[in-house]
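Chemist: Okay, here's the structure, questions in a sec.
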Amino acid sequence: MAMGTRLLSEYMIKQHNPHLRYLRIHTTARNTATIYAWDEELRLQEGDAASLQRFAAGYLAPYVSFKVKAYPFIREDRVPEVFEVPDLIVQTALNRNLDQYGIIAVMNSMLSTGEITFTRYEINTGTFHFDIRTTTRVTDIEQELIQRYLYEIIPLGSRSAVSYVCNTECVI
């Protein structure tokens, strides 16, 4: 099954609503995401909110329930900051045919030591679980980067959890 990512969904909305100046989509719960938007006048017009809701229902991931809010609610809702990610992650996230195999392939191509595997999908929480097996300790910074990359390439309405397994000959 093809997956709709945050970046792909934002791209599609911008193509359909070029007048929107600020746009952000964030997973808020299992199968739920919020679209935050502002126009050039730094407002979310009632008509724009209704149009975004219709567009999301008709063209974005069908398994996700979308809410629409004004952009300033990002701070109140504690939406994480968007960080710059490598072009490979962006291109992967924009791939309309992305699936779990594509996620694993791109993540493995970015790991210098080790391998990521998909272990299970927890339907009650909408969480994709992954294991990363390495021969060296994964630093806190590397773990944060892995989480950022997964955030961009897993489907909207889902989350990820990563377990790090250091082989017995692991160098710490």
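Residues in the structure tokens are named by chain (A, B, ... in the order shown) and by number from 1 within that chain; ligands are numbered from 1 in the order shown.
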Would you please extract all alpha helix (DSSP H) residues from chain A, as assigned by DSSP on the backbone, and give them as a ChimeraX atom specification?

Modeler: /A:6-16,46-59,73-76,87-93,100-110,140-153

Chemist: So which residues touch Ile132 of chain A within 6 Å, counting only C-alpha atoms, skipping near sequence neighbours fewer than 2 positions away, as a list in words?

Modeler: Glu115, Ile116, Tyr164 and Val165 of chain A

Chemist: Near Glu122 of chain A, within 10 Å and counting only C-alpha atoms, which residues show up once chain neighbours fewer than 5 positions away are dropped, as a PyMOL selection string?

Modeler: chain A and resi 127-129+158-160

Chemist: Find the residue from A:Ile141, A:Leu94, A:Ile104, A:Val68 that sits nearest to Glu46 of chain A; use only C-alpha atoms when measuring.

Modeler: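 Of A:Ile141, A:Leu94, A:Ile104, A:Val68, the one nearest Glu46 of chain A, counting only C-alpha atoms, is A:Val68.
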
Chemist: Rank nothing, just name the residue among A:Met110, A:Glu81, A:Asn95, A:Ile35 nearest to Ala57 of chain A, using only C-alpha atoms.

Modeler: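 Of A:Met110, A:Glu81, A:Asn95, A:Ile35, the one nearest Ala57 of chain A is A:Ile35, counting only C-alpha atoms.
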
Chemist: Report as a VMD selection string all protein, DNA and RNA residues lying within 10 Å of Gly102 of chain A, evaluated on only C-alpha atoms, omitting residues in the same chain fewer than 5 positions from it.

Modeler: chain A and resid 92 to 93 95 97 107 to 108 153

Chemist: Excluding segment 13-28 of chain A and any residue of its chain fewer than 3 positions from it, enumerate the residues within 8 Å of it, using only C-alpha atoms, and give them as a ChimeraX atom specification.

Modeler: /A:6,9-10,31-40,42,52,55,71,79,156-159

Chemist: Those selected residues, please, written with N, CA and C atoms and delivered as an mmCIF file, in the first residue's frame.

Modeler:
```
data_model
loop_
_atom_site.group_PDB
_atom_site.id
_atom_site.type_symbol
_atom_site.label_atom_id
_atom_site.label_comp_id
_atom_site.auth_asym_id
_atom_site.auth_seq_id
_atom_site.Cartn_x
_atom_site.Cartn_y
_atom_site.Cartn_z
ATOM 1 N N ARG A 6 4.087 13.507 5.323
ATOM 2 C CA ARG A 6 3.854 14.923 5.611
ATOM 3 C C ARG A 6 4.305 15.776 4.428
ATOM 4 N N SER A 9 2.049 15.401 1.326
ATOM 5 C CA SER A 9 0.740 16.028 1.556
ATOM 6 C C SER A 9 0.855 17.549 1.505
ATOM 7 N N GLU A 10 1.894 18.107 2.117
ATOM 8 C CA GLU A 10 2.098 19.556 2.062
ATOM 9 C C GLU A 10 2.340 20.015 0.630
ATOM 10 N N ASN A 31 -3.996 7.757 13.091
ATOM 11 C CA ASN A 31 -4.840 8.053 11.934
ATOM 12 C C ASN A 31 -5.454 9.442 11.982
ATOM 13 N N THR A 32 -4.774 10.376 12.639
ATOM 14 C CA THR A 32 -5.251 11.746 12.748
ATOM 15 C C THR A 32 -4.092 12.706 12.521
ATOM 16 N N ALA A 33 -4.344 13.747 11.741
ATOM 17 C CA ALA A 33 -3.330 14.772 11.501
ATOM 18 C C ALA A 33 -4.023 16.132 11.448
ATOM 19 N N THR A 34 -3.251 17.165 11.735
ATOM 20 C CA THR A 34 -3.764 18.526 11.691
ATOM 21 C C THR A 34 -3.012 19.306 10.631
ATOM 22 N N ILE A 35 -3.761 20.062 9.841
ATOM 23 C CA ILE A 35 -3.196 20.959 8.840
ATOM 24 C C ILE A 35 -3.229 22.363 9.448
ATOM 25 N N TYR A 36 -2.064 22.983 9.528
ATOM 26 C CA TYR A 36 -1.946 24.355 10.030
ATOM 27 C C TYR A 36 -1.650 25.248 8.830
ATOM 28 N N ALA A 37 -2.400 26.331 8.658
ATOM 29 C CA ALA A 37 -2.203 27.160 7.470
ATOM 30 C C ALA A 37 -2.506 28.626 7.753
ATOM 31 N N TRP A 38 -1.844 29.490 6.963
ATOM 32 C CA TRP A 38 -2.058 30.937 6.938
ATOM 33 C C TRP A 38 -1.904 31.399 5.502
ATOM 34 N N ASP A 39 -2.647 32.424 5.161
ATOM 35 C CA ASP A 39 -2.515 33.005 3.830
ATOM 36 C C ASP A 39 -1.514 34.159 3.859
ATOM 37 N N GLU A 40 -1.462 34.933 2.774
ATOM 38 C CA GLU A 40 -0.527 36.059 2.676
ATOM 39 C C GLU A 40 -0.799 37.122 3.730
ATOM 40 N N LEU A 42 -1.594 36.511 6.746
ATOM 41 C CA LEU A 42 -1.355 35.849 8.028
ATOM 42 C C LEU A 42 -2.662 35.528 8.755
ATOM 43 N N LEU A 52 -9.511 23.494 2.488
ATOM 44 C CA LEU A 52 -8.471 22.562 2.922
ATOM 45 C C LEU A 52 -9.081 21.266 3.449
ATOM 46 N N PHE A 55 -10.242 19.292 0.434
ATOM 47 C CA PHE A 55 -9.099 18.770 -0.307
ATOM 48 C C PHE A 55 -8.485 17.577 0.425
ATOM 49 N N TYR A 71 -2.354 28.674 11.575
ATOM 50 C CA TYR A 71 -0.942 28.365 11.762
ATOM 51 C C TYR A 71 -0.400 28.639 13.168
ATOM 52 N N VAL A 79 3.763 21.402 18.298
ATOM 53 C CA VAL A 79 4.217 20.700 17.094
ATOM 54 C C VAL A 79 5.733 20.836 17.011
ATOM 55 N N LEU A 156 1.571 9.731 7.336
ATOM 56 C CA LEU A 156 0.814 10.604 8.235
ATOM 57 C C LEU A 156 -0.140 9.753 9.056
ATOM 58 N N GLY A 157 -0.407 10.187 10.268
ATOM 59 C CA GLY A 157 -1.289 9.432 11.144
ATOM 60 C C GLY A 157 -0.601 8.290 11.854
ATOM 61 N N SER A 158 0.721 8.197 11.683
ATOM 62 C CA SER A 158 1.514 7.131 12.307
ATOM 63 C C SER A 158 2.700 7.733 13.038
ATOM 64 N N ARG A 159 3.276 6.924 13.897
ATOM 65 C CA ARG A 159 4.496 7.294 14.616
ATOM 66 C C ARG A 159 5.494 6.170 14.468
#
```

Chemist: Kindly give the distance, in Å, that separates atom CA of Arg30 of chain A and atom CA of Ala49 of chain A, rounded to a single decimal.

Modeler: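 Distance reported for this atom pair: 22.1 Å.
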
Chemist: Contacts of Pro86 of chain A at 10 Å or less, counting only C-alpha atoms, minus same-chain residues fewer than 3 places along, as a list of chain:residue names?

Modeler: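 The contact residues come out as A:Phe83, A:Ile89, A:Val90, A:Gln91, A:Met110, A:Tyr149.
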
Chemist: List every residue of segment 18-168 of chain A that DSSP, applied to the backbone of this structure, places in strand (DSSP E), and write the result as a count of residues only.

Modeler: 52

Chemist: Just to confirm, what's the straight-line distance from atom CA of Asp87 of chain A to atom CA of Gly114 of chain A in Å (one decimal)?

Modeler: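 If I compute the distance from atom CA of Asp87 of chain A to atom CA of Gly114 of chain A, I get 21.3 Å.
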